[in-house]
file coords.txt (compact mmCIF, C-alpha atoms)
# COMPACT_ATOMS: atom_id res chain seq x y z
CA MET A 1 -37.22 2.56 47.72
CA ILE A 2 -34.68 5.24 46.85
CA ASP A 3 -36.45 8.19 45.33
CA ASN A 4 -33.92 10.89 44.67
CA THR A 5 -32.70 12.85 41.68
CA SER A 6 -29.21 11.44 41.42
CA SER A 7 -28.42 9.77 38.11
CA GLN A 8 -28.29 6.00 38.15
CA PHE A 9 -27.24 4.35 34.95
CA SER A 10 -25.95 1.01 33.84
CA SER A 11 -25.42 -0.37 30.37
CA ASN A 12 -27.20 -3.25 28.75
CA SER A 13 -25.79 -5.79 26.31
CA ARG A 14 -26.72 -3.53 23.36
CA GLY A 15 -24.49 -0.80 24.72
CA LYS A 16 -27.43 1.44 25.56
CA GLU A 17 -27.83 3.11 28.93
CA PHE A 18 -30.44 1.83 31.35
CA HIS A 19 -32.24 4.21 33.69
CA TRP A 20 -33.69 2.68 36.84
CA TYR A 21 -37.07 3.49 38.35
CA ASN A 22 -39.37 2.09 40.99
CA ILE A 23 -43.00 2.53 39.96
CA TYR A 24 -45.99 0.61 41.36
CA GLY A 25 -43.46 -1.18 43.55
CA ILE A 26 -42.03 -2.66 40.34
CA ARG A 27 -38.32 -2.38 39.44
CA LEU A 28 -38.11 -0.88 35.97
CA SER A 29 -35.01 -0.59 33.84
CA SER A 30 -35.51 1.64 30.84
CA GLU A 31 -33.63 2.67 27.74
CA ILE A 32 -36.02 5.63 27.64
CA GLN A 33 -35.33 8.36 30.17
CA LEU A 34 -38.67 8.94 31.91
CA PRO A 35 -39.62 12.22 33.64
CA PHE A 36 -39.38 10.73 37.14
CA PRO A 37 -36.72 10.63 39.84
CA TYR A 38 -34.29 7.79 39.38
CA SER A 39 -34.15 4.84 41.67
CA GLU A 40 -30.81 3.38 42.67
CA SER A 41 -29.32 0.89 40.22
CA MET A 42 -30.55 -2.62 40.92
CA GLN A 43 -29.30 -6.14 40.32
CA SER A 44 -32.31 -7.12 38.23
CA ALA A 45 -35.45 -5.57 36.85
CA ASP A 46 -39.02 -6.83 37.04
CA VAL A 47 -39.71 -5.17 33.69
CA SER A 48 -37.24 -3.79 31.10
CA LEU A 49 -38.32 -1.10 28.68
CA LEU A 50 -36.45 -1.26 25.37
CA THR A 51 -36.66 0.78 22.19
CA GLU A 52 -36.88 -0.71 18.71
CA SER A 53 -37.26 0.34 15.07
CA PRO A 54 -40.43 -0.05 12.95
CA ASP A 55 -38.80 -3.05 11.19
CA PHE A 56 -38.63 -4.94 14.46
CA PHE A 57 -42.39 -4.57 15.02
CA ARG A 58 -43.17 -5.33 11.36
CA ASP A 59 -41.22 -8.58 11.58
CA ALA A 60 -42.80 -9.56 14.89
CA THR A 61 -46.36 -9.08 13.62
CA ARG A 62 -45.94 -10.39 10.07
CA SER A 63 -48.56 -13.14 10.43
CA ALA A 64 -50.55 -11.62 13.31
CA VAL A 65 -54.28 -10.95 13.32
CA ILE A 66 -54.73 -7.43 14.71
CA ASN A 67 -57.86 -6.85 16.86
CA SER A 68 -59.44 -3.70 18.26
CA SER A 69 -59.56 -3.39 22.06
CA PRO A 70 -63.02 -3.53 23.72
CA THR A 71 -63.16 0.28 23.75
CA ARG A 72 -61.59 0.48 20.25
CA TRP A 73 -58.99 2.82 21.76
CA TYR A 74 -56.08 0.73 20.62
CA LYS A 75 -55.27 -2.34 18.55
CA TYR A 76 -53.69 -5.51 19.82
CA ALA A 77 -52.61 -8.93 18.67
CA PRO A 78 -51.80 -11.98 20.78
CA LEU A 79 -48.89 -13.64 18.96
CA ASP A 80 -48.27 -17.37 18.64
CA ASN A 81 -45.11 -17.15 20.77
CA GLY A 82 -47.05 -15.69 23.74
CA GLN A 83 -46.01 -12.09 23.09
CA THR A 84 -48.64 -9.35 22.78
CA TYR A 85 -48.50 -6.52 20.26
CA LEU A 86 -50.20 -3.18 21.06
CA ARG A 87 -50.62 -0.16 18.81
CA TRP A 88 -52.08 3.31 19.13
CA ASP A 89 -52.19 4.57 15.54
CA ASP A 90 -49.94 7.60 14.91
CA LEU A 91 -48.63 7.44 18.49
CA PHE A 92 -46.88 4.31 19.74
CA GLU A 93 -46.51 0.59 19.30
CA PHE A 94 -45.37 -1.89 21.94
CA LEU A 95 -44.46 -5.54 22.09
CA VAL A 96 -44.85 -7.22 25.48
CA ASP A 97 -42.86 -10.40 26.00
CA ALA A 98 -44.62 -13.66 26.84
CA ASP A 99 -43.44 -13.59 30.45
CA GLY A 100 -44.05 -9.85 30.86
CA ARG A 101 -40.37 -9.14 31.60
CA ARG A 102 -39.67 -6.96 28.55
CA ILE A 103 -41.60 -4.27 26.70
CA TRP A 104 -40.27 -3.01 23.37
CA CYS A 105 -41.43 0.50 22.45
CA GLY A 106 -41.63 2.26 19.09
CA TRP A 107 -42.75 5.78 18.19
CA LEU A 108 -45.25 6.13 15.32
CA GLY A 109 -45.55 9.91 15.40
CA ALA A 110 -44.39 13.05 17.12
CA ALA A 111 -45.85 12.23 20.52
CA SER A 112 -44.28 13.65 23.68
CA LEU A 113 -42.46 11.78 26.41
CA GLU A 114 -45.28 12.75 28.81
CA SER A 115 -47.74 11.14 26.42
CA LEU A 116 -45.58 8.02 26.11
CA GLN A 117 -45.59 7.44 29.84
CA VAL A 118 -49.41 7.35 29.89
CA TYR A 119 -49.50 4.57 27.30
CA LEU A 120 -46.34 2.77 28.35
CA LEU A 121 -46.85 2.91 32.13
CA GLY A 122 -50.59 2.35 31.75
CA HIS A 123 -51.85 -0.11 29.19
CA ALA A 124 -48.55 -1.58 27.97
CA LEU A 125 -47.30 -2.13 31.52
CA SER A 126 -50.68 -3.63 32.52
CA PHE A 127 -50.09 -6.45 30.00
CA ALA A 128 -46.65 -7.09 31.48
CA LEU A 129 -48.07 -7.07 35.03
CA VAL A 130 -50.96 -9.43 34.25
CA LYS A 131 -48.52 -11.80 32.50
CA GLN A 132 -46.47 -11.75 35.72
CA GLY A 133 -49.49 -12.58 37.87
CA TYR A 134 -50.56 -9.14 39.09
CA GLU A 135 -54.10 -7.78 38.87
CA PRO A 136 -53.96 -3.99 38.37
CA LEU A 137 -57.18 -2.00 38.82
CA HIS A 138 -58.49 0.95 36.83
CA ALA A 139 -58.49 3.37 39.77
CA THR A 140 -57.10 6.64 41.04
CA SER A 141 -55.99 6.84 44.64
CA VAL A 142 -55.21 9.60 47.14
CA VAL A 143 -53.74 9.35 50.64
CA ILE A 144 -55.47 10.93 53.64
CA ASP A 145 -53.61 10.83 56.97
CA GLY A 146 -51.69 7.76 55.82
CA ASN A 147 -54.80 5.94 54.55
CA ALA A 148 -55.30 5.33 50.84
CA ILE A 149 -58.73 5.58 49.29
CA ALA A 150 -59.37 4.62 45.69
CA PHE A 151 -61.85 5.91 43.13
CA MET A 152 -63.00 3.36 40.57
CA GLY A 153 -65.04 3.90 37.43
CA SER A 154 -64.77 3.88 33.67
CA SER A 155 -62.87 6.55 31.74
CA GLY A 156 -64.72 9.87 31.91
CA PHE A 157 -66.44 9.11 35.23
CA GLY A 158 -64.34 11.71 37.09
CA LYS A 159 -61.74 9.71 39.04
CA SER A 160 -58.86 12.13 38.41
CA SER A 161 -61.05 15.24 38.85
CA LEU A 162 -62.16 14.01 42.27
CA ALA A 163 -58.55 13.25 43.17
CA ALA A 164 -57.55 16.80 42.12
CA ALA A 165 -60.10 18.21 44.59
CA PHE A 166 -58.29 16.31 47.36
CA LEU A 167 -54.86 17.46 46.16
CA ALA A 168 -56.06 21.07 46.34
CA ASP A 169 -56.67 20.48 50.06
CA GLY A 170 -53.14 19.25 50.69
CA HIS A 171 -53.76 15.52 50.40
CA ARG A 172 -51.42 13.56 48.17
CA LEU A 173 -51.77 11.41 45.11
CA LEU A 174 -50.84 7.75 45.34
CA THR A 175 -51.57 6.88 41.72
CA ASP A 176 -53.69 8.04 38.81
CA ASP A 177 -55.58 5.64 36.55
CA MET A 178 -53.85 2.38 37.45
CA LEU A 179 -53.68 0.97 40.97
CA LEU A 180 -51.61 -2.02 41.92
CA LEU A 181 -52.37 -3.65 45.28
CA ARG A 182 -50.04 -5.84 47.27
CA ARG A 183 -51.30 -8.11 50.01
CA THR A 184 -49.39 -7.62 53.27
CA ASP A 185 -49.78 -8.54 56.94
CA VAL A 186 -51.69 -5.29 57.50
CA GLY A 187 -54.02 -5.69 54.53
CA TYR A 188 -53.82 -4.48 50.96
CA VAL A 189 -51.28 -1.74 50.27
CA GLY A 190 -51.72 0.52 47.25
CA GLN A 191 -48.44 1.00 45.38
CA LEU A 192 -47.01 4.36 44.41
CA GLY A 193 -47.65 5.22 40.75
CA PRO A 194 -45.96 7.70 38.40
CA ARG A 195 -45.75 11.30 39.57
CA ARG A 196 -48.36 12.71 37.21
CA ILE A 197 -52.11 13.11 36.78
CA LYS A 198 -54.31 13.33 33.68
CA LEU A 199 -56.76 16.23 33.90
CA PHE A 200 -58.97 18.41 31.76
CA PRO A 201 -57.59 21.98 31.65
CA LYS A 202 -60.53 23.51 33.58
CA ILE A 203 -60.06 21.01 36.44
CA ALA A 204 -56.30 21.66 36.47
CA ARG A 205 -56.86 25.42 36.60
CA ARG A 206 -59.48 25.11 39.36
CA PHE A 207 -57.61 22.74 41.68
CA LEU A 208 -53.92 22.77 40.77
CA ALA A 209 -53.45 26.45 39.95
CA GLY A 210 -52.71 26.15 36.27
CA THR A 211 -51.45 23.89 33.53
CA ALA A 212 -47.80 24.95 33.36
CA SER A 213 -45.42 22.16 32.33
CA SER A 214 -48.31 19.94 31.26
CA ALA A 215 -48.46 18.20 27.87
CA PRO A 216 -51.40 17.05 25.72
CA MET A 217 -52.21 13.36 26.14
CA ASN A 218 -53.07 12.95 22.43
CA ASN A 219 -54.92 14.77 19.64
CA GLU A 220 -58.23 13.07 20.43
CA THR A 221 -58.77 14.60 23.88
CA GLU A 222 -58.29 17.89 25.69
CA LYS A 223 -56.84 16.01 28.64
CA LEU A 224 -53.40 17.06 29.80
CA VAL A 225 -50.68 15.00 31.41
CA MET A 226 -49.55 17.06 34.40
CA PRO A 227 -46.34 16.34 36.29
CA LEU A 228 -46.88 16.76 40.04
CA SER A 229 -44.62 18.42 42.57
CA GLU A 230 -43.38 16.47 45.59
CA ASP A 231 -46.01 18.34 47.64
CA HIS A 232 -48.78 16.69 45.67
CA ARG A 233 -47.45 13.17 45.55
CA HIS A 234 -47.23 10.62 48.36
CA SER A 235 -43.78 9.17 49.01
CA ASN A 236 -44.53 5.44 49.28
CA GLY A 237 -47.28 2.83 49.35
CA ALA A 238 -50.28 3.22 51.68
CA PRO A 239 -52.85 0.79 53.11
CA LEU A 240 -56.10 0.82 51.13
CA ARG A 241 -59.02 1.62 53.46
CA VAL A 242 -62.00 2.17 51.17
CA LEU A 243 -62.97 1.71 47.53
CA TYR A 244 -65.37 4.31 46.13
CA ILE A 245 -67.17 3.12 43.01
CA LEU A 246 -68.21 6.15 40.96
CA THR A 247 -71.75 5.94 39.54
CA PRO A 248 -71.93 6.72 35.79
CA PRO A 249 -72.54 10.49 35.34
CA ARG A 250 -75.65 9.89 33.17
CA GLU A 251 -77.34 8.02 36.04
CA VAL A 252 -77.24 11.04 38.36
CA SER A 253 -79.63 13.98 38.24
CA ARG A 254 -78.03 17.43 38.40
CA LYS A 255 -80.37 18.30 41.31
CA GLN A 256 -79.29 15.33 43.41
CA GLY A 257 -76.89 15.60 46.36
CA VAL A 258 -74.05 13.25 47.28
CA ARG A 259 -75.19 9.68 47.95
CA LEU A 260 -73.02 6.98 49.49
CA THR A 261 -74.24 3.37 49.54
CA SER A 262 -72.37 0.46 51.11
CA LEU A 263 -71.73 -2.52 48.85
CA THR A 264 -71.88 -6.15 49.91
CA ALA A 265 -68.72 -8.19 49.38
CA ARG A 266 -70.36 -9.83 46.35
CA GLU A 267 -71.19 -6.44 44.85
CA THR A 268 -67.65 -5.27 45.60
CA PHE A 269 -66.26 -8.30 43.82
CA ILE A 270 -68.34 -7.52 40.73
CA ALA A 271 -67.15 -3.89 40.84
CA LEU A 272 -63.55 -5.10 41.03
CA VAL A 273 -63.98 -7.41 38.05
CA ARG A 274 -65.55 -4.55 36.07
CA GLY A 275 -62.75 -2.27 37.27
CA ALA A 276 -59.88 -4.53 36.24
CA PHE A 277 -57.39 -2.44 34.27
CA ASN A 278 -56.83 -5.10 31.65
CA HIS A 279 -59.85 -6.89 30.16
CA VAL A 280 -58.02 -8.12 27.08
CA ILE A 281 -56.04 -10.99 28.62
CA THR A 282 -58.48 -13.78 29.46
CA GLY A 283 -58.24 -17.55 29.73
CA PRO A 284 -58.85 -19.90 32.66
CA GLU A 285 -55.52 -19.32 34.42
CA ARG A 286 -55.88 -15.54 34.56
CA LEU A 287 -59.59 -15.65 35.48
CA ALA A 288 -59.02 -18.14 38.30
CA ARG A 289 -56.27 -15.93 39.74
CA GLN A 290 -58.40 -12.79 39.38
CA TYR A 291 -61.32 -14.57 41.04
CA ILE A 292 -59.24 -15.54 44.09
CA GLU A 293 -57.54 -12.15 44.46
CA TYR A 294 -60.59 -9.96 43.97
CA LEU A 295 -62.69 -12.10 46.33
CA ASP A 296 -60.01 -11.60 48.97
CA VAL A 297 -59.90 -7.84 48.35
CA ALA A 298 -63.72 -7.71 48.46
CA SER A 299 -63.77 -9.50 51.82
CA LYS A 300 -61.14 -7.19 53.36
CA VAL A 301 -61.68 -3.71 51.90
CA PRO A 302 -65.07 -1.98 52.35
CA ALA A 303 -66.61 -0.38 49.27
CA ARG A 304 -69.16 2.34 48.68
CA ARG A 305 -71.04 3.34 45.60
CA ILE A 306 -70.89 7.12 45.32
CA ALA A 307 -73.33 9.13 43.20
CA TYR A 308 -73.09 12.88 42.63
CA PRO A 309 -73.83 15.34 39.84
CA ARG A 310 -70.79 16.02 37.68
CA VAL A 311 -70.66 19.76 38.22
CA LEU A 312 -67.48 21.40 39.42
CA SER A 313 -69.19 23.16 42.32
CA MET A 314 -70.24 19.78 43.79
CA LEU A 315 -66.72 18.43 44.25
CA PRO A 316 -66.10 20.08 47.67
CA ASP A 317 -69.32 18.44 48.97
CA VAL A 318 -68.25 15.08 47.54
CA LYS A 319 -64.87 15.45 49.21
CA GLU A 320 -66.48 16.29 52.58
CA ALA A 321 -68.81 13.29 52.35
CA ILE A 322 -65.86 11.00 51.65
CA LEU A 323 -63.73 12.48 54.46
CA SER A 324 -66.60 12.02 56.89
CA ASP A 325 -67.16 8.43 55.73
CA LEU A 326 -63.44 7.65 55.99
CA ALA A 327 -63.22 9.16 59.50
CA GLU A 328 -66.08 6.95 60.63
CA LEU A 329 -64.55 3.86 59.04
CA THR A 330 -61.02 4.40 60.33
CA GLY A 331 -62.38 5.29 63.78
CA ARG A 332 -64.26 2.02 63.78
CA HIS A 333 -61.13 0.23 62.56
CA ASP A 334 -59.04 1.80 65.37
CA ARG A 335 -61.63 0.84 68.00
CA THR A 336 -61.68 -2.76 66.69
CA SER A 337 -57.88 -2.93 66.70
CA ALA A 338 -57.75 -1.60 70.28
CA ALA A 339 -60.35 -4.15 71.41
CA ASN A 340 -58.25 -6.97 69.95
CA MET B 1 -87.67 -28.02 34.42
CA ASP B 2 -89.36 -31.37 33.74
CA ARG B 3 -85.95 -33.03 33.43
CA ILE B 4 -85.26 -32.36 37.14
CA SER B 5 -85.89 -35.42 39.24
CA PHE B 6 -85.84 -34.93 43.02
CA SER B 7 -84.43 -38.44 43.41
CA ASP B 8 -81.22 -37.30 41.66
CA ARG B 9 -78.35 -35.61 43.40
CA ALA B 10 -76.64 -32.36 42.33
CA ARG B 11 -72.91 -31.87 41.82
CA THR B 12 -70.84 -28.79 41.01
CA ALA B 13 -69.72 -28.84 37.36
CA PRO B 14 -65.98 -29.62 37.01
CA GLU B 15 -64.81 -26.18 35.84
CA VAL B 16 -66.87 -24.12 38.26
CA MET B 17 -65.34 -22.32 41.24
CA ILE B 18 -67.53 -21.00 44.05
CA GLN B 19 -66.59 -18.86 47.02
CA GLU B 20 -68.72 -17.40 49.80
CA VAL B 21 -68.19 -13.73 50.66
CA GLY B 22 -70.19 -12.00 53.37
CA GLY B 23 -72.97 -14.62 53.31
CA GLU B 24 -73.39 -14.39 49.53
CA SER B 25 -71.54 -16.32 46.83
CA VAL B 26 -69.68 -15.70 43.62
CA LEU B 27 -69.24 -18.43 41.01
CA LEU B 28 -66.72 -18.50 38.20
CA ASP B 29 -67.29 -20.80 35.24
CA LEU B 30 -63.85 -21.27 33.71
CA LYS B 31 -65.32 -22.86 30.59
CA THR B 32 -67.54 -19.94 29.62
CA GLU B 33 -65.38 -17.36 31.47
CA ARG B 34 -68.48 -15.99 33.20
CA TYR B 35 -69.01 -14.84 36.76
CA LEU B 36 -72.34 -15.37 38.53
CA GLY B 37 -73.63 -14.28 41.92
CA LEU B 38 -75.96 -15.87 44.45
CA ASN B 39 -77.70 -13.89 47.19
CA GLU B 40 -77.92 -15.18 50.78
CA VAL B 41 -80.92 -17.45 50.18
CA GLY B 42 -79.46 -18.72 46.89
CA THR B 43 -76.18 -19.41 48.68
CA ARG B 44 -77.91 -21.45 51.38
CA MET B 45 -79.91 -23.39 48.79
CA TRP B 46 -76.71 -24.13 46.84
CA GLN B 47 -74.91 -25.32 49.99
CA VAL B 48 -77.74 -27.65 51.01
CA LEU B 49 -78.22 -28.96 47.46
CA LEU B 50 -74.56 -29.79 47.00
CA ASP B 51 -74.15 -31.28 50.49
CA SER B 52 -77.22 -33.53 50.31
CA ASP B 53 -77.49 -37.10 49.07
CA SER B 54 -80.41 -36.13 46.85
CA ILE B 55 -82.42 -33.11 45.79
CA GLN B 56 -85.34 -34.53 47.81
CA THR B 57 -83.17 -34.54 50.97
CA ALA B 58 -82.12 -30.96 50.24
CA TYR B 59 -85.77 -29.99 49.80
CA GLU B 60 -86.68 -31.50 53.17
CA THR B 61 -83.75 -29.78 54.91
CA LEU B 62 -84.72 -26.41 53.47
CA LEU B 63 -88.39 -26.97 54.32
CA ALA B 64 -87.42 -27.50 57.96
CA GLU B 65 -85.16 -24.45 57.89
CA TYR B 66 -87.35 -21.82 56.21
CA ASP B 67 -90.86 -20.62 56.99
CA VAL B 68 -92.18 -21.35 53.51
CA ALA B 69 -95.07 -23.27 51.97
CA PRO B 70 -93.97 -26.66 50.55
CA GLN B 71 -95.31 -25.83 47.06
CA GLN B 72 -93.50 -22.48 47.05
CA LEU B 73 -90.19 -24.04 48.12
CA GLU B 74 -90.50 -26.73 45.45
CA GLU B 75 -91.10 -24.05 42.79
CA ASP B 76 -88.15 -21.96 44.03
CA LEU B 77 -85.87 -24.99 44.14
CA ARG B 78 -86.90 -26.10 40.63
CA ASP B 79 -86.36 -22.56 39.38
CA LEU B 80 -82.86 -22.36 40.89
CA LEU B 81 -81.92 -25.85 39.67
CA GLY B 82 -83.23 -25.00 36.20
CA ARG B 83 -81.07 -21.89 35.99
CA LEU B 84 -77.99 -23.66 37.35
CA LEU B 85 -78.42 -26.51 34.84
CA GLU B 86 -79.13 -24.09 31.99
CA ASN B 87 -75.82 -22.34 32.74
CA ALA B 88 -74.03 -25.71 33.18
CA LEU B 89 -72.96 -24.77 36.70
CA ILE B 90 -74.16 -28.08 38.15
CA THR B 91 -74.80 -31.57 36.91
CA THR B 92 -77.37 -34.03 38.22
CA GLU B 93 -76.96 -37.78 38.44
CA PRO B 94 -79.00 -40.68 39.79
CA VAL B 95 -78.26 -41.72 43.38
CA GLY B 96 -76.73 -45.15 43.73
call {"tool": "encode", "arguments": {"input": "coords.txt", "output": "structure tokens"}}
result
Amino acid sequence: MIDNTSSQFSSNSRGKEFHWYNIYGIRLSSEIQLPFPYSESMQSADVSLLTESPDFFRDATRSAVINSSPTRWYKYAPLDNGQTYLRWDDLFEFLVDADGRRIWCGWLGAASLESLQVYLLGHALSFALVKQGYEPLHATSVVIDGNAIAFMGSSGFGKSSLAAAFLADGHRLLTDDMLLLRRTDVGYVGQLGPRRIKLFPKIARRFLAGTASSAPMNNETEKLVMPLSEDHRHSNGAPLRVLYILTPPREVSRKQGVRLTSLTARETFIALVRGAFNHVITGPERLARQYIEYLDVASKVPARRIAYPRVLSMLPDVKEAILSDLAELTGRHDRTSAAN
Amino acid sequence: MDRISFSDRARTAPEVMIQEVGGESVLLDLKTERYLGLNEVGTRMWQVLLDSDSIQTAYETLLAEYDVAPQQLEEDLRDLLGRLLENALITTEPVG
């Protein structure tokens, strides 16, 4: 992957400029200039991001039945032609093509480009990826000595906050919120996500020395979208060594310490299904694929349930417990590799 | 439970996928789009049930394998079969 700051443009058939990016190991061509380094111009894109007017979306959804997502965070409609319509009221609307190769974007309000990337490169892209046969996870991942570890849990469980504690120590972010794994000869490799992290201001101030150049995610949350410097972001994919499943905050007493519990492969599989990024697309074909992939991940990547009180002062202890666990696991892995 | 005859044999329902991971099993029912798990003992009981010519043969195999009272094993087997049938994960049919 080329990851530099030189401009790489080409024009599409509508006369608009395309910008090229490589995110999650996916080749993106975009009519929207995103706040990331360009990739070199490519022959073809895995996903094209296009802009359209409100009329385009109105026409596309004329006879559609609009549903609320399971968390009621956004609205969506599967269309008869296989396309999927997504809308965050007053922010954005997207149309994802049936084969996941194109995403049309429309602004519904005065949202920032930083905000757009969260919705576009998160939920909207997840629909395109699932339609193309990928199974993205709802996870944040950091890289420690070349090994990726991933934190899984629902929104508000503290995935990004925990990652920020690692970044403060000089470790690097692989991806925030959405993790795409690729199976390789050396196991599952976590793909490099966008160079940004979503954090509450107090976490950003504590671990990343301030909130300069950040932008609000939306009007409903205090969370900020923070661009990261090259020092804080890993440069390419990394092999996934451990999955840490974050226990819901309400299930942990404030007096409790850090607890790590190993999961069986079956329990890991269930955690993976729960932690799928996209629960909206169902149907036998997708579920059968998810079943096969997650069972394989569960049989190859160890997982721990991690419980800790959600107080800021606990995060260094949580980090130490994870580093110690990872050192033991990778040491064991190295010894096994040497024996073979 | 009364509908279970030990002279019948059990078969996996057509739209059910099952895979063993680490000694336990995960089932996916494509019709209902539900996942189900079996622990180690449940996994072994499933394997023997589905590999045997009849439920009675499976019962005898498991009785020889586990240190368990015959009455207890029969109850456990009927309980498991009842739950698998209730969730349409298996079908039973007469041998012959």
call {"tool": "closest_residue", "arguments": {"input": "coords.txt", "among": "A:Arg58, A:Arg206, A:Lys319, A:Arg274", "to": "chain B", "atoms": "only C-alpha atoms"}}
result
A:Arg274
call {"tool": "interface_residues", "arguments": {"input": "coords.txt", "of": "chain A", "to": "chain B", "cutoff": "9 Å", "atoms": "only C-alpha atoms", "output": "list in words"}}
result
Thr264, Ala265, Arg266, Glu267, Phe269, Ile270, Thr282, Gly283, Pro284, Glu285, Leu287, Ala288, Tyr291, Ile292, Leu295, Asp296, Ala298 and Ser299 of chain A
call {"tool": "closest_residue", "arguments": {"input": "coords.txt", "among": "A:Gly82, A:Pro227, A:Gly106, A:Gly133", "to": "Pro35 (chain A)", "atoms": "all atoms listed in the file"}}
result
A:Pro227
call {"tool": "closest_residue", "arguments": {"input": "coords.txt", "among": "A:Asp325, A:Asp99, A:Asp169, A:Glu17", "to": "Asp46 (chain A)", "atoms": "all atoms listed in the file"}}
result
A:Asp99
call {"tool": "atom_distance", "arguments": {"input": "coords.txt", "atom1": "CA of Arg250 (chain A)", "atom2": "CA of Ala307 (chain A)"}}
result
10.3 Å
call {"tool": "closest_residue", "arguments": {"input": "coords.txt", "among": "A:Val297, A:Ala98, A:Val118, A:Leu79", "to": "Asp59 (chain A)", "atoms": "all atoms listed in the file"}}
result
A:Leu79
call {"tool": "closest_residue", "arguments": {"input": "coords.txt", "among": "B:Glu60, B:Asp51, B:Glu93, B:Glu86", "to": "Glu74 (chain B)", "atoms": "all atoms listed in the file"}}
result
B:Glu60
call {"tool": "atom_distance", "arguments": {"input": "coords.txt", "atom1": "CA of Tyr119 (chain A)", "atom2": "CA of Phe92 (chain A)"}}
result
8.0 Å
call {"tool": "closest_residue", "arguments": {"input": "coords.txt", "among": "B:Val48, B:Glu40, B:Ser7, B:Pro94", "to": "Leu63 (chain B)", "atoms": "all atoms listed in the file"}}
result
B:Val48
call {"tool": "residues_around", "arguments": {"input": "coords.txt", "residues": "Tyr66 (chain B)", "least_positions_apart": "5", "cutoff": "10 Å", "atoms": "only C-alpha atoms", "output": "list in words"}}
result
Val41, Thr61 and Leu73 of chain B
call {"tool": "residues_around", "arguments": {"input": "coords.txt", "residues": "Ser313 (chain A)", "least_positions_apart": "4", "cutoff": "12 Å", "atoms": "all atoms listed in the file", "output": "NGL selection string"}}
result
:A and (161-162 or 165 or 203 or 206-207 or 254 or 257 or 308-309 or 317-319)
call {"tool": "atom_distance", "arguments": {"input": "coords.txt", "atom1": "CA of Glu220 (chain A)", "atom2": "CA of Cys105 (chain A)"}}
result
21.1 Å
call {"tool": "residues_around", "arguments": {"input": "coords.txt", "residues": "Ala150 (chain A)", "least_positions_apart": "6", "cutoff": "10 Å", "atoms": "all atoms listed in the file", "output": "PyMOL selection string"}}
result
chain A and resi 137-143+159+163+174-177+179+190+240-245+303
call {"tool": "residues_near_point", "arguments": {"input": "coords.txt", "point": "(-52.0, -2.1, 46.1)", "cutoff": "9 Å", "atoms": "all atoms listed in the file", "output": "number ranges by chain"}}
result
A: 24-25, 136-137, 179-183, 188-192, 237-240
call {"tool": "residues_around", "arguments": {"input": "coords.txt", "residues": "Arg83 (chain B)", "least_positions_apart": "5", "cutoff": "12 Å", "atoms": "all atoms listed in the file", "output": "list in words"}}
result
Met1, Ile4, Leu36, Leu38, Gly42, Trp46, Asp76, Leu77, Arg78, Ala88, Leu89, Ile90 and Thr91 of chain B
